Structures are given as structure tokens and as C-alpha cells.
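Colleague: Please find run11.txt (compact mmCIF, C-alpha atoms and all ligand atoms) on the next line:
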```txt
# COMPACT_ATOMS: atom_id res chain seq x y z
CA MET A 1 -1.92 -1.64 -8.82
CA GLN A 2 -0.30 -4.07 -11.28
CA THR A 3 2.53 -4.61 -8.81
CA GLU A 4 -0.03 -5.51 -6.16
CA TYR A 5 -1.64 -8.14 -8.40
CA ALA A 6 1.84 -9.46 -9.20
CA ARG A 7 2.68 -9.64 -5.50
CA ARG A 8 -0.51 -11.61 -4.81
CA ARG A 9 0.36 -14.06 -7.59
CA GLU A 10 3.85 -14.50 -6.14
CA GLN A 11 2.36 -15.19 -2.72
CA LEU A 12 0.10 -17.85 -4.18
CA LEU A 13 2.85 -19.33 -6.35
CA ALA A 14 5.04 -19.67 -3.27
CA LYS A 15 2.28 -21.63 -1.55
CA ILE A 16 1.30 -23.98 -4.38
CA GLY A 17 4.80 -25.40 -4.86
CA LYS A 18 4.64 -27.92 -7.69
CA GLY A 19 0.93 -27.50 -8.28
CA THR A 20 -0.76 -25.61 -11.09
CA ALA A 21 -3.68 -23.35 -10.27
CA VAL A 22 -6.47 -22.68 -12.76
CA PHE A 23 -9.01 -19.90 -12.22
CA ARG A 24 -12.11 -19.27 -14.26
CA SER A 25 -13.58 -15.82 -14.79
CA ALA A 26 -17.21 -15.16 -13.89
CA PRO A 27 -19.71 -16.01 -16.61
CA MET A 28 -22.22 -13.56 -18.02
CA ALA A 29 -25.44 -14.12 -16.07
CA VAL A 30 -28.77 -14.01 -17.87
CA MET A 31 -31.38 -11.64 -16.49
CA HIS A 32 -34.02 -12.61 -19.03
CA HIS A 33 -34.29 -13.38 -22.72
CA ASP A 34 -31.43 -11.75 -24.63
CA VAL A 35 -30.55 -9.54 -21.66
CA GLU A 36 -27.66 -10.05 -19.30
CA TYR A 37 -26.83 -8.68 -15.87
CA ASN A 38 -23.97 -6.23 -15.62
CA PHE A 39 -20.75 -8.19 -15.63
CA ARG A 40 -19.04 -8.62 -12.29
CA GLN A 41 -15.74 -10.48 -12.21
CA GLU A 42 -15.32 -13.52 -9.99
CA SER A 43 -13.47 -12.37 -6.89
CA ASP A 44 -10.58 -14.86 -6.79
CA PHE A 45 -9.94 -14.19 -10.46
CA PHE A 46 -10.04 -10.45 -9.91
CA TYR A 47 -7.85 -10.63 -6.82
CA LEU A 48 -5.09 -12.35 -8.79
CA THR A 49 -5.34 -10.57 -12.12
CA GLY A 50 -7.37 -7.34 -12.02
CA PHE A 51 -8.70 -8.56 -15.37
CA ASN A 52 -12.28 -7.56 -15.82
CA GLU A 53 -13.74 -9.59 -18.70
CA PRO A 54 -15.82 -12.75 -18.91
CA ASN A 55 -14.79 -15.85 -20.78
CA ALA A 56 -11.21 -15.88 -19.48
CA VAL A 57 -8.97 -18.28 -17.62
CA ALA A 58 -5.87 -17.61 -15.53
CA VAL A 59 -3.19 -20.22 -14.94
CA LEU A 60 -0.47 -19.95 -12.29
CA THR A 61 2.36 -22.45 -12.16
CA ASN A 62 5.98 -22.94 -11.19
CA GLN A 63 6.19 -25.98 -13.45
CA HIS A 64 6.85 -24.34 -16.79
CA ALA A 65 10.24 -23.02 -17.87
CA GLU A 66 9.04 -19.55 -18.86
CA HIS A 67 5.37 -19.13 -18.13
CA ARG A 68 4.29 -18.70 -14.54
CA PHE A 69 1.26 -16.53 -15.22
CA VAL A 70 -0.82 -17.33 -18.30
CA LEU A 71 -4.08 -15.77 -19.42
CA PHE A 72 -6.63 -17.07 -21.88
CA VAL A 73 -8.86 -14.22 -23.07
CA GLN A 74 -11.43 -13.30 -25.67
CA PRO A 75 -9.57 -12.21 -28.81
CA LYS A 76 -10.20 -8.84 -30.41
CA ASP A 77 -13.22 -9.00 -32.71
CA LEU A 78 -14.42 -5.62 -33.88
CA GLU A 79 -17.78 -6.91 -35.00
CA LYS A 80 -18.56 -8.56 -31.66
CA GLU A 81 -17.12 -5.62 -29.75
CA THR A 82 -19.58 -3.35 -31.54
CA TRP A 83 -22.32 -5.25 -29.74
CA THR A 84 -20.88 -6.25 -26.40
CA GLY A 85 -18.10 -3.78 -25.64
CA TYR A 86 -14.37 -3.51 -26.08
CA ARG A 87 -12.06 -6.35 -25.27
CA VAL A 88 -8.45 -6.03 -24.15
CA GLY A 89 -7.46 -8.80 -26.54
CA VAL A 90 -4.47 -11.14 -26.63
CA GLU A 91 -1.74 -8.63 -27.48
CA ALA A 92 -2.63 -5.92 -24.99
CA ALA A 93 -3.43 -8.35 -22.16
CA LYS A 94 0.20 -9.44 -22.02
CA GLU A 95 1.38 -5.89 -21.62
CA LYS A 96 -1.42 -4.54 -19.45
CA PHE A 97 -1.86 -7.44 -17.07
CA GLY A 98 1.69 -8.67 -16.87
CA ALA A 99 1.07 -12.19 -18.17
CA ASP A 100 4.02 -14.24 -19.39
CA GLU A 101 1.86 -15.66 -22.15
CA VAL A 102 -1.65 -14.95 -23.41
CA TYR A 103 -3.77 -17.13 -25.70
CA PRO A 104 -7.20 -16.76 -27.22
CA ILE A 105 -9.71 -18.59 -25.04
CA ASN A 106 -10.65 -21.00 -27.83
CA GLU A 107 -7.16 -22.52 -27.55
CA LEU A 108 -7.64 -23.42 -23.90
CA GLU A 109 -8.12 -27.14 -24.36
CA GLU A 110 -5.09 -27.46 -26.57
CA LYS A 111 -2.72 -25.21 -24.59
CA LEU A 112 -3.65 -25.98 -21.00
CA THR A 113 -2.08 -29.47 -20.91
CA GLN A 114 1.49 -28.16 -21.05
CA TYR A 115 0.90 -26.34 -17.74
CA LEU A 116 -0.63 -29.34 -16.00
CA ILE A 117 1.59 -32.16 -17.18
CA LEU A 118 4.47 -31.45 -14.80
CA ALA A 119 2.33 -30.36 -11.89
CA ASP A 120 1.85 -32.64 -8.90
CA ARG A 121 -1.72 -31.40 -8.42
CA ILE A 122 -4.31 -29.15 -9.98
CA TYR A 123 -5.68 -26.36 -7.84
CA TYR A 124 -9.15 -25.77 -9.16
CA HIS A 125 -12.49 -24.89 -7.63
CA LEU A 126 -15.33 -27.05 -8.93
CA GLY A 127 -17.82 -24.32 -9.71
CA ARG A 128 -21.28 -24.10 -11.18
CA ASP A 129 -20.01 -24.07 -14.75
CA ARG A 130 -20.40 -27.79 -15.50
CA PRO A 131 -18.89 -27.72 -19.02
CA PHE A 132 -15.82 -25.99 -17.64
CA ASN A 133 -15.55 -28.48 -14.78
CA THR A 134 -15.72 -31.21 -17.39
CA LEU A 135 -12.92 -29.64 -19.40
CA ILE A 136 -10.64 -29.65 -16.35
CA LEU A 137 -11.63 -33.16 -15.31
CA ASP A 138 -11.07 -34.44 -18.86
CA GLN A 139 -7.58 -32.94 -18.88
CA TRP A 140 -6.85 -34.51 -15.54
CA GLN A 141 -8.18 -37.87 -16.69
CA SER A 142 -6.07 -37.96 -19.85
CA LEU A 143 -2.94 -36.94 -17.92
CA MET A 144 -3.57 -39.73 -15.43
CA ALA A 145 -4.03 -42.19 -18.30
CA THR A 146 -0.47 -41.48 -19.40
CA TYR A 147 0.90 -41.10 -15.87
CA PRO A 148 2.53 -44.57 -15.75
CA LYS A 149 4.63 -43.74 -18.78
CA ARG A 150 6.02 -40.61 -17.13
CA GLY A 151 5.72 -41.32 -13.46
CA THR A 152 4.80 -37.70 -12.97
CA GLY A 153 1.66 -35.64 -13.29
CA PRO A 154 -1.18 -34.23 -11.24
CA ILE A 155 -2.31 -36.97 -8.89
CA ALA A 156 -4.73 -34.74 -6.98
CA LEU A 157 -7.32 -32.09 -7.55
CA GLU A 158 -7.36 -29.55 -4.74
CA ASP A 159 -9.69 -26.65 -4.05
CA PRO A 160 -7.60 -23.47 -3.89
CA ALA A 161 -9.69 -22.03 -1.04
CA PRO A 162 -7.49 -23.04 1.92
CA THR A 163 -4.40 -21.82 0.06
CA LEU A 164 -5.70 -18.59 -1.46
CA HIS A 165 -8.37 -17.36 0.90
CA PRO A 166 -6.15 -16.71 3.92
CA LEU A 167 -4.40 -14.17 1.67
CA ARG A 168 -7.69 -12.50 0.79
CA LEU A 169 -8.74 -12.43 4.43
CA ARG A 170 -6.05 -9.93 5.45
CA LYS A 171 -6.47 -6.72 3.54
CA SER A 172 -3.58 -4.75 2.08
CA ALA A 173 -3.31 -0.96 2.27
CA ALA A 174 -4.63 -0.71 -1.31
CA GLU A 175 -7.62 -2.88 -0.43
CA LEU A 176 -8.34 -0.88 2.72
CA ASP A 177 -8.30 2.33 0.68
CA ARG A 178 -11.07 0.93 -1.49
CA MET A 179 -13.01 -0.38 1.46
CA ARG A 180 -12.82 3.00 3.15
CA GLN A 181 -14.14 4.60 -0.01
CA ALA A 182 -17.01 2.09 -0.32
CA ILE A 183 -17.79 2.70 3.33
CA ALA A 184 -17.60 6.51 3.09
CA ILE A 185 -20.26 6.45 0.39
CA SER A 186 -22.37 3.97 2.35
CA VAL A 187 -22.11 6.17 5.44
CA GLU A 188 -23.21 9.25 3.54
CA ALA A 189 -26.17 7.37 2.09
CA HIS A 190 -27.29 6.11 5.50
CA ASN A 191 -27.07 9.57 7.02
CA HIS A 192 -29.07 10.99 4.15
CA ALA A 193 -31.67 8.22 4.41
CA ARG A 194 -32.28 8.97 8.08
CA GLU A 195 -32.99 12.60 7.23
CA PHE A 196 -35.13 11.68 4.26
CA ALA A 197 -37.36 8.96 5.72
CA ARG A 198 -40.63 10.03 7.25
CA PRO A 199 -44.21 8.77 7.59
CA GLY A 200 -45.99 8.81 4.24
CA ARG A 201 -42.87 8.09 2.21
CA TYR A 202 -42.39 4.70 0.60
CA GLU A 203 -39.56 2.33 1.34
CA TYR A 204 -38.48 2.43 -2.31
CA GLU A 205 -38.07 6.20 -2.15
CA VAL A 206 -35.49 5.75 0.59
CA GLN A 207 -33.83 3.01 -1.46
CA ALA A 208 -33.72 5.29 -4.51
CA GLU A 209 -32.14 8.15 -2.56
CA MET A 210 -29.41 5.85 -1.27
CA GLU A 211 -28.67 4.08 -4.52
CA HIS A 212 -28.62 7.43 -6.30
CA LEU A 213 -25.76 8.45 -4.03
CA PHE A 214 -23.97 5.15 -4.56
CA ARG A 215 -23.66 5.88 -8.26
CA LEU A 216 -23.32 9.63 -7.94
CA ARG A 217 -20.21 9.18 -5.81
CA GLY A 218 -18.60 6.86 -8.34
CA GLY A 219 -19.55 3.55 -6.74
CA MET A 220 -20.53 0.51 -8.79
CA GLY A 221 -23.96 0.41 -7.14
CA PRO A 222 -25.43 -1.56 -4.25
CA ALA A 223 -23.13 -4.19 -2.80
CA TYR A 224 -26.20 -6.44 -2.35
CA PRO A 225 -29.95 -5.87 -2.76
CA SER A 226 -30.79 -2.99 -0.44
CA ILE A 227 -33.08 -3.89 2.45
CA VAL A 228 -35.40 -1.00 3.36
CA ALA A 229 -37.82 -2.60 5.78
CA SER A 230 -40.39 -0.63 7.75
CA GLY A 231 -42.62 -1.95 10.50
CA ALA A 232 -42.94 -5.73 10.64
CA ASN A 233 -41.07 -6.07 7.33
CA ALA A 234 -37.92 -5.74 9.42
CA CYS A 235 -38.63 -9.20 10.83
CA VAL A 236 -37.98 -10.69 7.37
CA LEU A 237 -34.19 -10.85 7.26
CA HIS A 238 -33.78 -10.49 3.50
CA TYR A 239 -36.81 -8.30 2.77
CA THR A 240 -36.01 -6.50 -0.50
CA GLU A 241 -39.43 -5.69 -1.99
CA ASN A 242 -39.23 -2.20 -0.46
CA THR A 243 -42.80 -1.33 -1.50
CA ARG A 244 -44.51 -0.31 1.73
CA GLN A 245 -45.62 3.18 2.73
CA MET A 246 -44.13 4.10 6.08
CA GLN A 247 -46.42 4.96 8.99
CA ASN A 248 -46.20 6.80 12.28
CA GLN A 249 -44.66 4.64 15.01
CA ASP A 250 -42.82 2.47 12.49
CA LEU A 251 -39.21 1.58 12.84
CA LEU A 252 -37.24 1.55 9.61
CA LEU A 253 -34.46 -1.01 9.26
CA ILE A 254 -32.04 -0.16 6.44
CA ASP A 255 -29.38 -2.68 5.50
CA ALA A 256 -27.57 -1.24 2.50
CA GLY A 257 -24.02 -0.73 1.31
CA CYS A 258 -22.18 0.58 -1.69
CA SER A 259 -19.72 -1.33 -3.84
CA TYR A 260 -16.71 0.72 -4.88
CA ASP A 261 -14.01 -0.60 -7.17
CA TYR A 262 -15.03 -4.15 -6.21
CA TYR A 263 -14.97 -3.58 -2.43
CA ASN A 264 -18.07 -3.31 -0.29
CA GLY A 265 -19.69 -1.50 2.59
CA ASP A 266 -22.34 -3.33 4.63
CA ILE A 267 -24.22 -1.18 7.15
CA THR A 268 -27.50 -1.59 9.02
CA ARG A 269 -29.27 1.02 11.06
CA THR A 270 -32.75 0.96 12.57
CA PHE A 271 -34.55 4.14 13.62
CA PRO A 272 -38.08 5.48 14.27
CA VAL A 273 -39.56 6.93 11.09
CA ASP A 274 -41.41 9.66 13.03
CA GLY A 275 -38.38 10.49 15.15
CA LYS A 276 -39.51 8.92 18.45
CA PHE A 277 -39.15 5.37 19.74
CA THR A 278 -42.15 3.78 21.44
CA PRO A 279 -41.19 2.42 24.91
CA GLU A 280 -41.16 -1.15 23.54
CA GLN A 281 -39.02 -0.21 20.53
CA LYS A 282 -36.61 1.68 22.74
CA ALA A 283 -36.26 -1.23 25.18
CA ILE A 284 -35.36 -3.63 22.35
CA TYR A 285 -33.10 -1.08 20.65
CA GLU A 286 -31.10 -0.60 23.83
CA ILE A 287 -30.53 -4.32 24.14
CA VAL A 288 -29.37 -4.70 20.54
CA LEU A 289 -27.07 -1.70 20.86
CA ALA A 290 -25.56 -3.01 24.10
CA ALA A 291 -25.04 -6.40 22.45
CA GLN A 292 -23.41 -4.81 19.44
CA LEU A 293 -21.04 -2.68 21.55
CA GLN A 294 -20.09 -5.68 23.67
CA ALA A 295 -19.49 -7.74 20.51
CA ILE A 296 -17.34 -5.03 18.91
CA ALA A 297 -15.30 -4.86 22.13
CA GLN A 298 -14.21 -8.47 21.46
CA VAL A 299 -12.53 -7.55 18.19
CA HIS A 300 -8.86 -7.78 19.07
CA PRO A 301 -5.96 -9.61 17.43
CA GLY A 302 -5.45 -13.06 18.90
CA LYS A 303 -9.02 -13.42 20.15
CA PRO A 304 -11.17 -16.21 18.72
CA TYR A 305 -13.63 -15.11 16.08
CA GLY A 306 -16.45 -17.01 17.82
CA GLN A 307 -16.21 -14.78 20.87
CA ILE A 308 -17.90 -11.96 18.96
CA HIS A 309 -21.08 -13.98 18.51
CA ASP A 310 -20.94 -15.42 22.02
CA ALA A 311 -20.67 -11.96 23.56
CA ALA A 312 -23.60 -10.64 21.51
CA VAL A 313 -25.82 -13.60 22.37
CA ARG A 314 -25.19 -13.23 26.08
CA VAL A 315 -26.18 -9.57 26.14
CA LEU A 316 -29.24 -10.21 23.97
CA VAL A 317 -30.41 -13.04 26.22
CA GLU A 318 -29.84 -11.00 29.39
CA GLY A 319 -31.97 -8.24 27.91
CA LEU A 320 -34.75 -10.58 26.79
CA LEU A 321 -34.76 -12.12 30.28
CA ASP A 322 -35.07 -8.66 31.86
CA LEU A 323 -38.10 -7.95 29.66
CA LYS A 324 -39.56 -11.38 30.47
CA LEU A 325 -39.61 -12.26 26.80
CA LEU A 326 -37.50 -15.25 27.85
CA THR A 327 -37.57 -17.02 31.20
CA GLY A 328 -35.28 -19.48 32.95
CA ASP A 329 -31.60 -20.09 33.41
CA ILE A 330 -29.38 -17.98 31.17
CA GLU A 331 -26.78 -20.71 30.66
CA GLU A 332 -29.42 -23.20 29.61
CA ILE A 333 -31.09 -20.71 27.26
CA ILE A 334 -27.77 -20.02 25.58
CA LYS A 335 -26.67 -23.65 25.45
CA GLU A 336 -29.96 -24.85 24.02
CA GLU A 337 -30.34 -21.79 21.79
CA LYS A 338 -33.79 -21.01 23.15
CA TYR A 339 -33.30 -17.40 22.04
CA LYS A 340 -33.39 -18.42 18.39
CA PRO A 341 -36.99 -17.33 17.66
CA PHE A 342 -35.69 -13.80 18.43
CA TYR A 343 -32.18 -14.07 17.03
CA MET A 344 -31.68 -16.66 14.30
CA HIS A 345 -28.54 -15.49 12.47
CA ARG A 346 -24.86 -15.22 13.25
CA THR A 347 -23.37 -11.95 14.48
CA GLY A 348 -21.35 -11.18 11.36
CA HIS A 349 -19.08 -12.27 8.55
CA TRP A 350 -15.83 -11.37 6.84
CA LEU A 351 -16.10 -8.41 4.49
CA GLY A 352 -14.03 -7.67 1.40
CA LEU A 353 -14.23 -8.32 -2.32
CA ASP A 354 -17.29 -10.40 -1.49
CA VAL A 355 -19.83 -9.04 0.95
CA HIS A 356 -19.83 -12.38 2.71
CA ASP A 357 -16.13 -12.65 2.12
CA VAL A 358 -14.03 -15.78 1.91
CA GLY A 359 -12.12 -17.24 4.83
CA VAL A 360 -13.06 -19.68 7.55
CA TYR A 361 -14.63 -18.85 10.91
CA GLN A 362 -13.36 -21.94 12.69
CA GLN A 363 -10.32 -24.17 12.10
CA GLY A 364 -11.98 -27.50 12.78
CA GLU A 365 -11.72 -27.99 16.56
CA GLN A 366 -9.44 -24.96 16.83
CA PRO A 367 -10.77 -21.41 16.86
CA GLN A 368 -9.99 -19.00 14.04
CA ASN A 369 -8.16 -16.20 15.79
CA LEU A 370 -8.48 -12.60 14.70
CA ALA A 371 -5.48 -10.96 13.03
CA PRO A 372 -4.65 -7.41 11.92
CA GLY A 373 -5.94 -6.53 8.46
CA GLN A 374 -9.10 -8.59 8.68
CA VAL A 375 -12.38 -6.77 8.19
CA LEU A 376 -15.62 -8.15 9.57
CA THR A 377 -19.16 -7.05 10.25
CA VAL A 378 -20.78 -7.02 13.68
CA GLU A 379 -24.54 -7.18 13.29
CA PRO A 380 -26.68 -8.53 16.11
CA GLY A 381 -30.44 -8.05 16.07
CA ILE A 382 -33.73 -8.93 17.68
CA TYR A 383 -36.74 -9.80 15.55
CA ILE A 384 -40.21 -10.21 17.05
CA SER A 385 -42.28 -11.34 14.12
CA PRO A 386 -46.07 -11.21 14.48
CA TYR A 387 -45.79 -14.95 13.79
CA ILE A 388 -43.08 -15.64 16.37
CA LYS A 389 -43.26 -19.08 18.00
CA PRO A 390 -41.28 -19.26 21.24
CA VAL A 391 -39.66 -22.62 21.96
CA GLU A 392 -41.47 -25.00 24.27
CA GLY A 393 -41.54 -23.87 27.88
CA GLN A 394 -40.98 -20.21 26.98
CA PRO A 395 -43.74 -17.60 27.37
CA GLU A 396 -46.03 -16.47 24.57
CA VAL A 397 -45.06 -13.01 23.34
CA ASP A 398 -47.43 -10.18 24.28
CA PRO A 399 -48.70 -8.60 21.01
CA ARG A 400 -47.38 -5.18 22.08
CA TRP A 401 -43.93 -6.46 21.07
CA HIS A 402 -45.04 -7.79 17.71
CA GLY A 403 -43.51 -6.38 14.54
CA ILE A 404 -40.38 -4.97 16.17
CA GLY A 405 -37.29 -5.88 14.14
CA ILE A 406 -33.96 -4.27 14.96
CA ARG A 407 -30.45 -4.86 13.65
CA ILE A 408 -27.36 -2.68 14.01
CA GLU A 409 -24.43 -3.47 11.74
CA ASP A 410 -20.96 -1.96 11.55
CA ASP A 411 -17.82 -2.85 9.59
CA VAL A 412 -14.81 -3.35 11.81
CA LEU A 413 -11.11 -3.58 10.97
CA VAL A 414 -8.82 -5.65 13.19
CA THR A 415 -5.79 -3.45 13.94
CA ALA A 416 -2.43 -4.23 15.52
CA HIS A 417 -3.69 -3.45 19.00
CA GLY A 418 -7.47 -3.64 18.80
CA HIS A 419 -9.96 -2.53 16.22
CA GLU A 420 -11.29 0.38 14.23
CA VAL A 421 -15.00 0.81 13.51
CA LEU A 422 -14.85 1.87 9.87
CA THR A 423 -18.54 2.83 9.80
CA GLU A 424 -18.58 5.03 12.88
CA GLY A 425 -19.71 7.95 10.72
CA VAL A 426 -23.28 6.68 11.02
CA PRO A 427 -24.63 7.41 14.49
CA LYS A 428 -26.40 4.72 16.48
CA SER A 429 -27.11 6.00 20.00
CA VAL A 430 -30.76 6.22 21.06
CA GLU A 431 -30.56 10.02 21.16
CA GLU A 432 -29.10 10.26 17.69
CA MET A 433 -31.73 7.92 16.24
CA GLU A 434 -34.49 10.19 17.52
CA ARG A 435 -35.23 13.71 16.37
N1 LIG A 501 -26.89 -7.52 3.97
C1 LIG A 501 -26.24 -8.74 4.12
C2 LIG A 501 -25.63 -8.87 5.42
O1 LIG A 501 -25.74 -8.01 6.25
O2 LIG A 501 -24.97 -9.81 5.69
MN MN A 502 -25.90 -6.00 5.98
MN MN A 503 -23.62 -8.11 6.87
```
Please re-express this file's structure in C-alpha cells.
Ligand code: GLY
Ligand code: MN
Ligand code: MN
Modeller:
Amino acid sequence: MQTEYARRREQLLAKIGKGTAVFRSAPMAVMHHDVEYNFRQESDFFYLTGFNEPNAVAVLTNQHAEHRFVLFVQPKDLEKETWTGYRVGVEAAKEKFGADEVYPINELEEKLTQYLILADRIYYHLGRDRPFNTLILDQWQSLMATYPKRGTGPIALEDPAPTLHPLRLRKSAAELDRMRQAIAISVEAHNHAREFARPGRYEYEVQAEMEHLFRLRGGMGPAYPSIVASGANACVLHYTENTRQMQNQDLLLIDAGCSYDYYNGDITRTFPVDGKFTPEQKAIYEIVLAAQLQAIAQVHPGKPYGQIHDAAVRVLVEGLLDLKLLTGDIEEIIKEEKYKPFYMHRTGHWLGLDVHDVGVYQQGEQPQNLAPGQVLTVEPGIYISPYIKPVEGQPEVDPRWHGIGIRIEDDVLVTAHGHEVLTEGVPKSVEEMER
């Protein structure tokens, strides 16, 4: 794996030319007084280093005679390590992570300048860590103060996103291995959940069964807060309370995925808790499934990303028109987004180290075209909240539809000649959702 991190750094170094890139590790996040969340490394930092500690900085540059990859890390400190865990330390980091030079983090201010002074720009993402932003800006300011004397130095600050994130968008074989593992565990958990859920059980019991498997199979845990939403709870997109007792005639919407070695699964299925769709539930389910299949069919190298959403919306609107939940001209409904009370989110996102992974969906006026190695989710839905307010001119919704919320989400890899549905191990046909 070290060669893969090295290869990524070389790719970035080739793109940044005379610039110097500075990456900050994730901070420790406070849960409540004296207690911190589990540490999770910042994804750009991890992608380039594999280094898994807080309070670290990585520098990449072509503008230093010997040092192209430099790490600043927490030094060994046996007393502190007794409390907060082992640290790699300065000596071992050089060896283990392939850095040309490693310094203790408290020397950052003093040692960073030598890597910026000959750069023509600083690649740095202004993040939420204000003191750290200030440190970088102060360095930039003092280098610009002495710029006239040298006639060289970083005259621009540039976010690394457009340079780095296209690399992250296309997954390597090693990344796909991890994604397949994250997805295999997620698939198993979804299949178990469908067997386990039944009227009388609580949403949190289903959540517990799934998250138990996430850890049992060696995953890091949930990739995001698990959504286990029965009945009308499914109409709240990010419902995560998971406290309700499931009833006969409920649908259960489960949106949950496992994180494995930093990569993530993201799967949604919706099924009847008592094993049988009501006619209304079935009618909506069939529309969402048709929309999802039509959207997945768009995933092909060279096709614009936006076509996935457009295809899903068209099928959803056709279905809602058939059921008379919408009325009027299909083109106008789509153009004016009159379907939005039923479908208010986009049809998916990139998937990778981050669940909503980096990378753009549109290149300004130009479309972002799909390319092999990209992984994305396809997740259309229809949500008929009891509080739904159709747009002006559209019919009121008959209460028999109220409380139906359905989403179907798969993870799809763009291949050389089409696509592969990585999550196909979880069934989704009407017949397979019933029992
Ligand atoms: N669960 C987050 C998402 O599906 O995007
Ligand atoms: Mn999801
Ligand atoms: Mn998703």
C-alpha cells in the first residue's frame, strides 16, 4: 500500500508544478466534556499519506532540493501516549510512511517557510480550523512582504480540490477492493435486516443488528448515521432517531452502509414490514424501482453525469402522472420542478473515501462526463409526507397516499464499457421485497 500512496503523491506533484501543497490532518472532535469522538483522518490527507493520527501536516513540493514529501507529526511522548494511544513518532514516520523528512509538529511554523519560499503558489484548503488557516496566511503574508527582494515566492493561494479531487474520483484497484469489502458487509447487513424486521420490533433493534454486523465483519462501523425509518418516518430524509415500534402495513426504509478501511457502502432498501405491500405502497414502489433501473441504465463512460438524474425524474413524473398525483404537461412539470414536493433531492453522489465523495458533477457550462473507475450512488425516491403541500395548480393528495416514503439506492461502478452494480447482492424486485 505504501507504493500506492507514493504513486498518488507523484501524480499530485506532477500536477502542482512549482507550487507547494499543504494538507492538514483531521482534528480530534469533541463529543462532550472531556470526551472525544473516535478519530477519523481527513480524507485528502489519508489519500496522500495513509497516516492515521491527528495533529499532523503533510507538505508536498518540487521546490526543495531534497524534500518532496515532508510530514509534521506528534512526537513520541510515553506519558501522553499512556492516555491517548500510541504515536508513530518522528523517527518511525520517516521509515513507515516514506517521508523525505519528518519534524515534530511544534516546529511547523519555523520549518514550513523553507518549503514555501520558492513555490509560485500555495495549495491549501481553507478549512474550519481558523488558527491553522491563520498560520498559513501569516506565512504567506510574510513571504509576500519580502517578495520584492527576491522576485520569487508564492503569489497565489489555491484550493487543491480541482487538482487533487479528479485523482480521487477514479478509484484504483486497491481502492475498489476496499469498496467491495465495505459493500459486501453492507449487503449482508441489509439482507439480515429484511429477515429480522417485523411488526412489533423497534427501529433501533434493526439498527443494532446491522451495526453489530458492521463491526463483527471487521468494518469501522456505520459510514454515516443509519436511517431506519418505518411508516411516515421515511418521509424525513435524514431520520436517525430510530425509536419507533414498527406496525402492520408499515414500510421500512433502511439507508445504512458500513465503512471498511476508510471506504464506504451506501445502500437503501424499502420493504413492507409485514411482508406484503398495500396497493398504494406497491404502486409507488414500482415507480421508484423503474426510475432507479432507468437511471442506472444511463451509467456509461462518456455519458454526462446529469443524465442519471434526468432519467430518474422523467420516470418518476410519468408514474406520478399515471396515478394522478400530478397533473398537466410532463415537460412543464419537469422544467418547473413541480414534482419537488414528492422528490426533493438529487439522484445520487460520488462514493469513495467520503460517503458524499469529492469531485464535481458539472464542469461549469460543460457536463461532467462519466469515466471508468468512478463510483456513484443511484438513489431516487418518492416521499408523500402527511404534511405534503403540492405546488400551486397541482391536486391535493388523497390521504390514502400519506406516509409513504420510498427510496432505493445502489452503488454503481463505471466500467470500461458500461457499469457494474456493486450492491446487487441486495434484492429489490417487488416479489423479493415481499414474503
Ligand atoms: N445516506 C446518505 C445518502 O444516501 O446520501
Ligand atoms: Mn444512503
Ligand atoms: Mn447516498
Colleague: At a cut-off of 10 Å from (-21.1, -5.9, 23.3) in the coordinates of the file, what residues are picked up using only C-alpha atoms, written as a PyMOL selection string?
Modeller: chain A and resi 287-298+308-316+378+380
Colleague: I'd like the neighbourhood of region 276-285 of chain A as a list in words, where a residue qualifies if any of its atoms comes within 9 Å (using only C-alpha atoms), though same-chain residues fewer than 6 positions away should be ignored.
Modeller: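 Counting only C-alpha atoms, the residues come to Gln249, Asp250, Leu251, Thr270, Gly319, Leu320, Leu323, Gly381, Ile382, Arg400, Trp401, Ile404, Gly405, Ile406, Arg407, Ile408, Val430, Met433, Glu434 and Arg435 of chain A.
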Colleague: Counting all atoms listed in the file, what are the residues, protein, DNA or RNA alike, that approach ligand MN 502 (chain A) to within 8 Å? I want them as a list in words.
Modeller: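 Checked against 8 Å with all atoms listed in the file; the hits are Asp255, Ala256, Gly257, Asp266, Ile267, Thr268, Glu379 and Glu409 of chain A.
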Colleague: Using all atoms listed in the file, which of A:Leu237, A:Val421, A:Leu370, A:Leu353 sits nearest ligand LIG 501 (chain A)?
Modeller: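 Selected residue with least distance to ligand LIG 501 (chain A): A:Leu237.
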Colleague: Compile the contact shell of Phe214 (chain A) as a ChimeraX atom specification: residues with an atom at most 6 Å away, counting only C-alpha atoms, same-chain residues fewer than 5 positions apart removed.
Modeller: /A:219,221,258
Colleague: As a list in words, please: the residues near Gln394 (chain A) (cut-off 9 Å, all atoms listed in the file, same-chain neighbours under 6 positions excluded).
Modeller: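 Result of the neighbour search: Leu325, Leu326, Thr327, Gly328 and Lys338 of chain A.
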Colleague: Using Å and a single decimal, report how far CA of Pro54 (chain A) sits from CA of Glu95 (chain A).
Modeller: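 CA of Glu95 (chain A) sits 18.7 Å away from CA of Pro54 (chain A).
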Colleague: Taking (-14.7, -29.1, -13.4) in the file's coordinates, which residues come within 12 Å, counting only C-alpha atoms, written as a list of chain:residue names?
Modeller: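 The residues near that point, listed by chain and number, are A:Val22, A:Phe23, A:Arg24, A:Ile122, A:Tyr123, A:Tyr124, A:His125, A:Leu126, A:Gly127, A:Arg128, A:Asp129, A:Arg130, A:Pro131, A:Phe132, A:Asn133, A:Thr134, A:Leu135, A:Ile136, A:Leu137, A:Asp138, A:Gln139, A:Trp140, A:Gln141, A:Leu157, A:Glu158, A:Asp159.
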Colleague: Rounded to one decimal place, report the CA of Pro304 (chain A)-CA of Ala371 (chain A) distance in Å.
Modeller: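 Value for the CA of Pro304 (chain A)-CA of Ala371 (chain A) distance: 9.6 Å.
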Colleague: From the set A:Val397, A:Val70, A:Val375, A:Val236, which residue has the shortest atom-to-atom contact distance to ligand MN 503 (chain A), counting only C-alpha atoms and all ligand atoms?
Modeller: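 Selected residue with least distance to ligand MN 503 (chain A): A:Val375.
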Colleague: Could you please determine the separation between CA of Val30 (chain A) and atom O1 of ligand LIG 501 (chain A) in Å, to one decimal place?
Modeller: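 One can read the CA of Val30 (chain A) to atom O1 of ligand LIG 501 (chain A) distance as 25.0 Å.
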Colleague: Measuring atom to atom with all atoms listed in the file, identify which of A:Thr3, A:Thr243, A:Ser226, A:Ser429 is nearest to ligand LIG 501 (chain A).
Modeller: A:Ser226
Colleague: Would you list the contacts of Thr163 (chain A) as a PyMOL selection string, taking every protein, DNA or RNA residue within 12 Å and counting only C-alpha atoms, but skipping same-chain residues closer than 2 positions in sequence?
Modeller: chain A and resi 8-9+11-17+19+21+44+123-125+158-161+165-169+358-360
